[in-house]
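**Student:** What follows is upload_8.txt; its format and atoms are compact mmCIF, C-alpha atoms.
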```txt
# COMPACT_ATOMS: atom_id res chain seq x y z
CA MET A 293 13.87 -237.95 64.04
CA ASN A 294 15.06 -235.03 66.13
CA SER A 295 12.55 -235.87 68.84
CA ILE A 296 13.90 -239.44 69.05
CA LYS A 297 17.45 -238.12 69.43
CA GLN A 298 16.37 -235.72 72.14
CA SER A 299 14.63 -238.53 74.05
CA ILE A 300 17.70 -240.76 73.89
CA PHE A 301 19.91 -237.88 75.04
CA GLY A 302 17.57 -237.17 77.97
CA LEU A 303 17.65 -240.79 79.07
CA MET A 304 21.42 -240.74 78.95
CA ILE A 305 21.52 -237.66 81.21
CA ILE A 306 19.09 -239.18 83.72
CA GLY A 307 21.09 -242.41 83.76
CA GLY A 308 24.29 -240.50 84.31
CA LEU A 309 22.80 -238.53 87.19
CA ALA A 310 21.49 -241.70 88.83
CA SER A 311 24.91 -243.32 88.44
CA CYS A 312 26.62 -240.30 90.05
CA LYS A 313 24.17 -240.32 92.97
CA THR A 314 24.79 -244.03 93.58
CA ASP A 315 28.55 -243.48 93.39
CA ARG A 316 28.31 -240.64 95.95
CA LYS A 317 26.31 -242.88 98.33
CA GLU A 318 28.82 -245.68 97.97
CA SER A 319 31.70 -243.24 98.46
CA ALA A 320 30.07 -241.76 101.60
CA LYS A 321 29.50 -245.24 102.97
CA VAL A 322 33.13 -246.17 102.33
CA ASN A 323 34.37 -242.96 104.05
CA ALA A 324 32.09 -243.31 107.13
CA LEU A 325 33.91 -244.02 110.40
CA LYS A 326 33.04 -247.34 111.98
CA VAL A 327 31.87 -246.81 115.56
CA THR A 328 30.60 -248.75 118.57
CA VAL A 329 27.67 -247.18 120.40
CA GLN A 330 26.19 -247.72 123.84
CA GLN A 331 22.67 -247.05 125.03
CA VAL A 332 22.09 -244.88 128.08
CA ILE A 333 20.60 -247.06 130.84
CA PRO A 334 20.39 -245.59 134.38
CA VAL A 335 21.97 -247.78 137.08
CA ASP A 336 21.57 -247.92 140.86
CA LYS A 337 24.55 -246.44 142.68
CA VAL A 338 25.36 -246.14 146.36
CA SER A 339 25.65 -242.47 147.25
CA LEU A 340 29.18 -241.92 148.59
CA SER A 341 29.89 -239.25 151.19
CA GLN A 342 33.62 -239.03 151.92
CA PHE A 343 35.34 -237.51 154.95
CA SER A 344 38.94 -237.37 156.14
CA GLY A 345 40.26 -238.22 159.59
CA LYS A 346 43.03 -239.87 161.60
CA VAL A 347 43.51 -243.24 163.25
CA LYS A 348 43.55 -242.94 167.05
CA ALA A 349 43.71 -245.24 170.04
CA ASP A 350 40.38 -245.37 171.81
CA ASP A 351 42.04 -246.24 175.14
CA LYS A 352 44.43 -243.49 176.30
CA LEU A 353 45.96 -243.19 179.75
CA VAL A 354 48.14 -240.56 181.40
CA LEU A 355 50.02 -242.12 184.31
CA SER A 356 50.84 -240.09 187.41
CA THR A 357 51.88 -240.85 190.99
CA LYS A 358 50.90 -240.09 194.55
CA ALA A 359 54.50 -240.43 195.69
CA ILE A 360 56.94 -237.59 196.13
CA GLY A 361 60.53 -238.27 195.16
CA GLN A 362 63.23 -238.25 192.55
CA ILE A 363 62.73 -240.45 189.51
CA GLU A 364 65.36 -243.15 189.73
CA LYS A 365 64.75 -245.08 186.50
CA VAL A 366 62.70 -244.61 183.31
CA LEU A 367 62.66 -248.03 181.68
CA VAL A 368 60.81 -247.19 178.42
CA ASP A 369 61.08 -244.69 175.55
CA LYS A 370 58.49 -242.90 173.47
CA GLY A 371 56.95 -245.22 170.87
CA GLU A 372 57.99 -248.38 172.70
CA ARG A 373 55.44 -251.20 173.00
CA VAL A 374 54.59 -252.32 176.53
CA LYS A 375 52.76 -255.24 178.12
CA LYS A 376 50.23 -255.12 180.92
CA GLY A 377 52.05 -255.35 184.28
CA GLN A 378 55.42 -254.29 182.80
CA LEU A 379 57.54 -252.03 185.06
CA LEU A 380 57.84 -248.64 183.38
CA LEU A 381 59.32 -246.24 185.90
CA GLN A 382 60.79 -246.22 189.41
CA ILE A 383 60.74 -243.38 191.94
CA ARG A 384 63.32 -243.33 194.71
CA SER A 385 61.42 -244.93 197.58
CA LYS A 386 63.93 -245.23 200.48
CA ASP A 387 61.87 -242.87 202.67
CA ILE A 388 58.71 -244.89 202.04
CA LEU A 389 60.51 -248.17 202.79
CA SER A 390 61.94 -246.65 205.97
CA LYS A 391 58.48 -245.52 207.08
CA LYS A 392 57.07 -248.94 206.23
CA SER A 393 59.76 -250.69 208.32
CA ALA A 394 59.04 -248.38 211.26
CA ALA A 395 55.30 -248.98 210.90
CA GLU A 396 55.78 -252.74 210.79
CA ALA A 397 57.89 -252.58 213.98
CA SER A 398 55.24 -250.44 215.67
CA LEU A 399 52.55 -252.87 214.56
CA LYS A 400 54.46 -255.77 216.12
CA GLU A 401 54.79 -253.85 219.36
CA ALA A 402 51.13 -252.79 219.34
CA LYS A 403 49.93 -256.35 218.73
CA SER A 404 52.09 -257.62 221.62
CA ALA A 405 50.74 -254.92 223.94
CA LEU A 406 47.17 -255.66 222.84
CA LYS A 407 47.65 -259.35 223.54
CA ASN A 408 48.76 -258.60 227.14
CA THR A 409 45.89 -256.17 227.62
CA GLN A 410 43.38 -258.74 226.38
CA LYS A 411 44.78 -261.30 228.89
CA ASP A 412 44.40 -258.74 231.70
CA HIS A 413 40.87 -258.03 230.55
CA GLU A 414 39.95 -261.72 230.74
CA ARG A 415 41.52 -262.01 234.23
CA ILE A 416 39.71 -258.93 235.65
CA GLN A 417 36.46 -260.05 234.02
CA ARG A 418 36.66 -263.35 235.98
CA LEU A 419 37.54 -261.49 239.23
CA TYR A 420 34.65 -259.07 238.71
CA GLU A 421 32.25 -261.97 238.28
CA LYS A 422 33.49 -263.36 241.65
CA GLY A 423 33.21 -259.96 243.31
CA SER A 424 36.98 -259.60 243.69
CA ALA A 425 37.31 -256.65 241.22
CA THR A 426 35.46 -253.34 241.04
CA GLN A 427 33.41 -251.95 238.14
CA LYS A 428 35.99 -249.22 237.65
CA GLU A 429 38.79 -251.76 237.24
CA LEU A 430 36.74 -253.61 234.64
CA ASP A 431 35.89 -250.38 232.79
CA ASP A 432 39.54 -249.23 232.77
CA ILE A 433 40.83 -252.51 231.30
CA SER A 434 38.01 -252.57 228.68
CA THR A 435 38.99 -249.04 227.60
CA ALA A 436 42.66 -250.02 227.41
CA SER A 437 41.77 -253.05 225.27
CA GLU A 438 39.71 -250.94 222.87
CA ALA A 439 42.54 -248.40 222.61
CA GLY A 440 45.01 -251.19 221.82
CA GLU A 441 42.74 -252.55 219.06
CA ALA A 442 42.36 -249.04 217.60
CA ARG A 443 46.14 -248.54 217.59
CA VAL A 444 46.69 -251.86 215.77
CA GLU A 445 44.03 -250.96 213.20
CA SER A 446 45.56 -247.51 212.67
CA ILE A 447 49.05 -248.90 212.08
CA ASP A 448 47.60 -251.54 209.73
CA GLN A 449 45.97 -248.76 207.68
CA SER A 450 49.25 -246.82 207.58
CA ILE A 451 51.05 -249.87 206.20
CA ILE A 452 48.37 -250.31 203.53
CA GLU A 453 48.84 -246.67 202.47
CA LEU A 454 52.62 -247.05 202.40
CA ASN A 455 52.27 -250.18 200.26
CA GLU A 456 50.06 -248.21 197.89
CA LEU A 457 52.68 -245.49 197.72
CA LEU A 458 55.24 -248.14 196.86
CA THR A 459 53.08 -249.24 193.91
CA TYR A 460 53.09 -245.63 192.72
CA ALA A 461 56.83 -245.55 193.21
CA ASN A 462 57.12 -248.62 190.96
CA LEU A 463 54.87 -247.62 188.06
CA LYS A 464 53.57 -250.55 185.98
CA SER A 465 51.57 -250.57 182.75
CA PRO A 466 47.84 -251.21 183.24
CA ILE A 467 47.35 -252.09 179.53
CA ASP A 468 48.96 -253.63 176.46
CA GLY A 469 49.91 -250.76 174.18
CA PHE A 470 52.69 -248.30 173.53
CA VAL A 471 54.22 -245.18 175.09
CA SER A 472 52.82 -242.19 173.21
CA LYS A 473 54.52 -239.50 175.33
CA LYS A 474 57.22 -239.27 177.99
CA PHE A 475 56.94 -236.27 180.31
CA VAL A 476 59.94 -236.94 182.59
CA ASN A 477 63.49 -238.23 182.61
CA GLU A 478 65.71 -239.82 185.25
CA GLY A 479 66.51 -237.33 187.99
CA THR A 480 63.26 -235.39 187.61
CA MET A 481 61.31 -234.78 190.81
CA ALA A 482 57.92 -236.49 190.80
CA THR A 483 55.03 -234.84 192.62
CA PRO A 484 51.51 -236.14 193.26
CA GLY A 485 49.24 -235.75 190.21
CA SER A 486 51.99 -234.66 187.80
CA PRO A 487 51.99 -236.57 184.45
CA LEU A 488 54.80 -239.05 183.95
CA LEU A 489 53.96 -241.21 180.91
CA ALA A 490 51.11 -241.37 178.37
CA LEU A 491 50.04 -244.77 177.07
CA GLU A 492 47.78 -245.76 174.20
CA SER A 493 46.24 -249.15 173.58
CA LEU A 494 46.37 -250.92 170.20
CA ASP A 495 43.54 -253.28 171.10
CA ARG A 496 40.83 -250.87 169.99
CA LEU A 497 41.57 -248.34 167.24
CA ILE A 498 39.15 -245.72 166.01
CA ILE A 499 39.07 -243.08 163.30
CA GLU A 500 37.85 -239.63 164.26
CA ILE A 501 36.29 -237.50 161.53
CA ASN A 502 34.75 -234.03 161.62
CA VAL A 503 31.41 -233.74 159.84
CA PRO A 504 29.78 -230.44 158.78
CA GLU A 505 26.44 -229.55 160.29
CA PHE A 506 24.52 -230.04 157.04
CA GLU A 507 25.83 -233.63 156.68
CA ILE A 508 25.65 -234.91 160.26
CA GLY A 509 22.11 -236.18 159.57
CA LEU A 510 23.60 -238.79 157.19
CA PHE A 511 25.16 -240.66 160.12
CA ALA A 512 23.62 -243.17 162.50
CA GLU A 513 25.34 -245.49 164.96
CA GLY A 514 26.09 -248.86 163.36
CA ASP A 515 26.24 -247.54 159.77
CA PRO A 516 28.87 -249.40 157.67
CA VAL A 517 31.70 -247.36 156.17
CA ASN A 518 34.54 -247.99 153.76
CA ILE A 519 38.01 -246.91 154.93
CA GLU A 520 41.02 -246.13 152.74
CA ILE A 521 44.49 -245.67 154.25
CA ASP A 522 47.37 -245.02 151.86
CA ALA A 523 50.07 -245.86 154.43
CA ILE A 524 49.34 -249.61 154.42
CA ASP A 525 49.04 -252.28 151.73
CA GLU A 526 45.45 -253.18 152.64
CA LYS A 527 43.99 -249.84 151.60
CA SER A 528 40.29 -250.73 151.58
CA MET A 529 38.79 -251.76 154.93
CA ILE A 530 35.37 -251.95 156.54
CA GLY A 531 34.35 -250.22 159.77
CA LYS A 532 31.20 -248.92 161.41
CA VAL A 533 29.98 -245.73 163.05
CA ASP A 534 30.59 -246.24 166.77
CA ARG A 535 29.76 -242.89 168.35
CA ILE A 536 28.35 -239.54 167.28
CA ILE A 537 29.40 -236.73 169.61
CA ALA A 538 26.31 -234.54 169.95
CA SER A 539 28.20 -231.28 170.24
CA SER A 540 29.64 -228.90 167.67
CA ALA A 541 32.12 -227.45 170.14
CA PHE A 542 35.12 -229.03 168.40
CA SER A 543 35.64 -226.57 165.54
CA GLY A 544 32.94 -224.26 164.30
CA ALA A 545 29.88 -226.08 162.99
CA GLN A 546 31.72 -229.41 162.87
CA TYR A 547 30.52 -232.53 164.67
CA GLN A 548 32.81 -235.39 165.67
CA VAL A 549 32.03 -238.94 164.54
CA GLN A 550 34.07 -241.93 165.73
CA ILE A 551 34.51 -244.92 163.42
CA LEU A 552 35.35 -248.28 164.95
CA LEU A 553 37.71 -250.51 162.97
CA LYS A 554 37.09 -254.22 162.79
CA ASP A 555 39.68 -256.59 164.25
CA GLY A 556 42.50 -257.94 162.13
CA TYR A 557 44.13 -254.77 160.75
CA LYS A 558 47.44 -255.20 162.59
CA ALA A 559 49.39 -252.81 160.34
CA LEU A 560 47.38 -249.80 161.51
CA LYS A 561 48.99 -247.25 163.81
CA PRO A 562 47.63 -244.15 165.54
CA GLY A 563 48.27 -240.99 163.54
CA MET A 564 47.71 -242.51 160.08
CA PHE A 565 45.59 -240.43 157.68
CA ALA A 566 42.32 -242.07 156.58
CA ARG A 567 39.47 -241.42 154.14
CA VAL A 568 36.05 -242.61 155.27
CA SER A 569 33.21 -243.20 152.80
CA LEU A 570 29.70 -243.57 154.18
CA LEU A 571 27.94 -246.37 152.26
CA LYS A 572 24.35 -245.26 152.31
CA ASN A 573 21.35 -244.43 150.08
CA THR A 574 20.92 -246.06 146.62
CA GLU A 575 20.06 -243.70 143.76
CA SER A 576 19.38 -244.18 140.04
CA LYS A 577 22.17 -242.44 138.09
CA THR A 578 23.35 -242.07 134.50
CA VAL A 579 26.97 -243.22 134.34
CA VAL A 580 29.14 -243.21 131.21
CA PRO A 581 32.59 -244.83 130.72
CA ARG A 582 35.58 -242.48 130.97
CA GLU A 583 36.87 -243.57 127.55
CA ALA A 584 33.75 -242.18 125.85
CA LEU A 585 34.38 -238.64 127.08
CA VAL A 586 36.19 -235.87 125.23
CA HIS A 587 37.61 -232.81 126.96
CA LYS A 588 38.23 -229.29 125.71
CA GLY A 589 39.51 -226.97 128.39
CA GLN A 590 37.07 -227.18 131.27
CA LEU A 591 34.32 -228.64 129.08
CA SER A 592 33.51 -232.35 128.88
CA GLY A 593 31.22 -234.14 126.45
CA LEU A 594 30.74 -237.12 124.20
CA TYR A 595 29.57 -237.92 120.68
CA THR A 596 26.05 -239.05 119.82
CA VAL A 597 24.68 -240.11 116.41
CA ASN A 598 21.93 -238.06 114.71
CA GLN A 599 19.30 -239.30 112.29
CA GLN A 600 21.56 -238.49 109.32
CA GLY A 601 24.24 -240.87 110.63
CA GLU A 602 26.55 -238.08 111.73
CA ALA A 603 28.59 -237.73 114.92
CA MET A 604 27.30 -234.87 117.07
CA LEU A 605 29.35 -233.53 119.98
CA ARG A 606 27.18 -233.14 123.10
CA TRP A 607 28.48 -231.13 126.07
CA LEU A 608 27.63 -232.55 129.48
CA ARG A 609 27.54 -231.58 133.13
CA LEU A 610 29.35 -234.27 135.09
CA GLY A 611 28.98 -235.37 138.72
CA LYS A 612 30.61 -237.95 140.98
CA GLU A 613 33.21 -240.46 139.85
CA TYR A 614 32.70 -244.20 140.26
CA PRO A 615 34.99 -247.15 139.51
CA ASP A 616 33.07 -247.91 136.29
CA GLY A 617 32.58 -244.35 135.04
CA ILE A 618 31.44 -240.80 135.72
CA GLU A 619 27.94 -239.59 136.55
CA VAL A 620 26.15 -237.40 133.98
CA LEU A 621 23.98 -234.78 135.64
CA SER A 622 22.61 -233.21 132.45
CA GLY A 623 23.04 -233.32 128.68
CA LEU A 624 22.12 -236.96 128.08
CA ARG A 625 18.74 -238.72 128.31
CA SER A 626 17.83 -242.29 129.13
CA GLY A 627 17.54 -244.44 125.98
CA GLU A 628 19.87 -242.27 123.86
CA GLN A 629 22.92 -243.74 122.19
CA PHE A 630 26.44 -242.35 122.44
CA ILE A 631 29.64 -243.35 120.68
CA LEU A 632 31.77 -245.51 122.93
CA SER A 633 34.68 -245.98 120.50
CA SER A 634 35.61 -245.38 116.85
CA GLU A 635 38.22 -246.62 114.42
CA SER A 636 39.82 -243.17 114.24
CA LYS A 637 39.44 -239.67 115.68
CA LEU A 638 35.92 -238.25 115.53
CA THR A 639 34.95 -234.73 114.53
CA ASP A 640 31.63 -232.96 114.89
CA GLY A 641 29.46 -233.77 111.84
CA ALA A 642 31.59 -236.69 110.61
CA LYS A 643 29.75 -239.52 108.90
CA VAL A 644 29.68 -242.69 111.01
CA GLU A 645 28.63 -246.29 110.51
CA ILE A 646 27.41 -248.21 113.60
CA THR A 647 29.07 -251.61 113.55
CA LYS A 648 28.36 -252.62 117.15
CA SER A 649 25.77 -251.61 119.74
CA ILE A 650 26.08 -252.34 123.48
```
Could the structure of this file be written out as structure tokens, please?
**Tutor:**
Amino acid sequence: MNSIKQSIFGLMIIGGLASCKTDRKESAKVNALKVTVQQVIPVDKVSLSQFSGKVKADDKLVLSTKAIGQIEKVLVDKGERVKKGQLLLQIRSKDILSKKSAAEASLKEAKSALKNTQKDHERIQRLYEKGSATQKELDDISTASEAGEARVESIDQSIIELNELLTYANLKSPIDGFVSKKFVNEGTMATPGSPLLALESLDRLIIEINVPEFEIGLFAEGDPVNIEIDAIDEKSMIGKVDRIIASSAFSGAQYQVQILLKDGYKALKPGMFARVSLLKNTESKTVVPREALVHKGQLSGLYTVNQQGEAMLRWLRLGKEYPDGIEVLSGLRSGEQFILSSESKLTDGAKVEITKSI
């Protein structure tokens, strides 16, 4: 009888233990945080190399003059847009005009004298052929005719030079663009070769960037680049590598690369700051969404799920940022799963239940 009672009591204990174990499992399942996980799949990314530079006009001119004189009028200001052929500046040219008038009068006189000499030459030539004039008379009139022609030619050349001086006295714009610098004001004396105005064209804009020696090998003429300029609404633009200056004489071990902008970006102006990204070289990278990351001080990581269904915090070494996430350099392997989101705040070792897998 006692043995029967003991057996019944033992079965009751075993049943109670089994019931408690089931209750604990159910309780743990109820308390587990529901999470969404994502599998690590490497993706191809374009390797971005970014450099800073400034927008510049590719066509720059410094205007000077060959004339000497006082500047009478400056018709433009710094920053003003100008058209090709527009009058920009006038130098007092009364002396040149006076010399031109005198030269024109001398030319008229010289041409009249030459005409008479040529008539005499024709007359003596006929007399010589009839034996009525000597060789010396013919030679003398031929020399006089040649001298008259030389004088006319010389005065003609003087007038051409004076006309050229007048063009320098009335300075016109050779391009469509704007005045980037004004070196003189009205009343200033102009001398040959001295700078008067600096012009820049808006027809062809470039961006100049300085590239370190160890990165210059990334560039080749014709390479496409992405351009970002904060000063205008259209921040993202496309350009191409136009020239690579094969000299590091600009600043230390820096090489200059010129980026040509495509047509159509009318809001651009010289002097604007630009960021240039070289779109080159596709690499396989592990990229995770920003929302999956947790940060503690300078450390960054994310949660994975272990075989016991627990959240495990994994510290990572991060790399470049992309629009769709951040590159993971180490700490996460291809094929692993990480927690993308959870119903509430995660802690290391917390029980989790995967409700969705991406």
**Student:** Taking into account all atoms listed in the file, which residue in the set A:Lys392, A:Lys326, A:Lys337, A:Arg415 is nearest to Tyr614 (chain A)?
**Tutor:**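 Looking only at the distances to Tyr614 (chain A), the closest residue turns out to be A:Lys337.
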**Student:** Find, counting only C-alpha atoms, the residue in A:Ser465, A:Thr574, A:Ser634, A:Thr357 that gets nearest to Leu380 (chain A).
**Tutor:** A:Ser465
**Student:** Using all atoms listed in the file, find the one residue out of A:Glu438, A:Glu453, A:Asp640, A:Asp495 that sits nearest to Lys561 (chain A).
**Tutor:**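 Of A:Glu438, A:Glu453, A:Asp640, A:Asp495, the one nearest Lys561 (chain A) is A:Asp495, counting all atoms listed in the file.
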**Student:** Quick one: everything within 8 Å of Leu552 (chain A), counting all atoms listed in the file, minus sequence neighbours fewer than 3 positions away in the same chain. Send it as a list in words.
**Tutor:**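 The contact residues come out as Arg496, Leu497, Ile498, Ile499, Gly531, Lys532, Val533 and Asp534 of chain A.
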**Student:** Next, the residues of the selection above should be written as a short mmCIF file (atom, residue, chain, number, x, y, z; two decimals), in the frame of the given file with C-alpha atoms.
**Tutor:**
```cif
data_model
loop_
_atom_site.label_atom_id
_atom_site.label_comp_id
_atom_site.auth_asym_id
_atom_site.auth_seq_id
_atom_site.Cartn_x
_atom_site.Cartn_y
_atom_site.Cartn_z
CA ARG A 496 40.83 -250.87 169.99
CA LEU A 497 41.57 -248.34 167.24
CA ILE A 498 39.15 -245.72 166.01
CA ILE A 499 39.07 -243.08 163.30
CA GLY A 531 34.35 -250.22 159.77
CA LYS A 532 31.20 -248.92 161.41
CA VAL A 533 29.98 -245.73 163.05
CA ASP A 534 30.59 -246.24 166.77
#
```
**Student:** From the list A:Thr480, A:Thr328, A:Thr596, A:Ser341, which residue is nearest Gly509 (chain A) when using only C-alpha atoms?
**Tutor:** A:Ser341
**Student:** Applying 7 Å and only C-alpha atoms, which residues near region 514-525 of chain A remain after dropping the ones on its own chain fewer than 5 positions away? List them as a VMD selection string.
**Tutor:** chain A and resid 530 to 534 559 564 to 571
**Student:** Can I get the selected residues back with C-alpha atoms, as a PDB file, in the frame of the given file?
**Tutor:**
```
ATOM      1  CA  ILE A 530      35.370-251.950 156.540  1.00  0.00           C
ATOM      2  CA  GLY A 531      34.350-250.220 159.770  1.00  0.00           C
ATOM      3  CA  LYS A 532      31.200-248.920 161.410  1.00  0.00           C
ATOM      4  CA  VAL A 533      29.980-245.730 163.050  1.00  0.00           C
ATOM      5  CA  ASP A 534      30.590-246.240 166.770  1.00  0.00           C
ATOM      6  CA  ALA A 559      49.390-252.810 160.340  1.00  0.00           C
ATOM      7  CA  MET A 564      47.710-242.510 160.080  1.00  0.00           C
ATOM      8  CA  PHE A 565      45.590-240.430 157.680  1.00  0.00           C
ATOM      9  CA  ALA A 566      42.320-242.070 156.580  1.00  0.00           C
ATOM     10  CA  ARG A 567      39.470-241.420 154.140  1.00  0.00           C
ATOM     11  CA  VAL A 568      36.050-242.610 155.270  1.00  0.00           C
ATOM     12  CA  SER A 569      33.210-243.200 152.800  1.00  0.00           C
ATOM     13  CA  LEU A 570      29.700-243.570 154.180  1.00  0.00           C
ATOM     14  CA  LEU A 571      27.940-246.370 152.260  1.00  0.00           C
TER      15      LEU A 571
END
```
**Student:** In Å to one decimal, how far is CA of Ser446 (chain A) from CA of Leu430 (chain A)?
**Tutor:**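 Between these atoms lies a distance of 24.4 Å.
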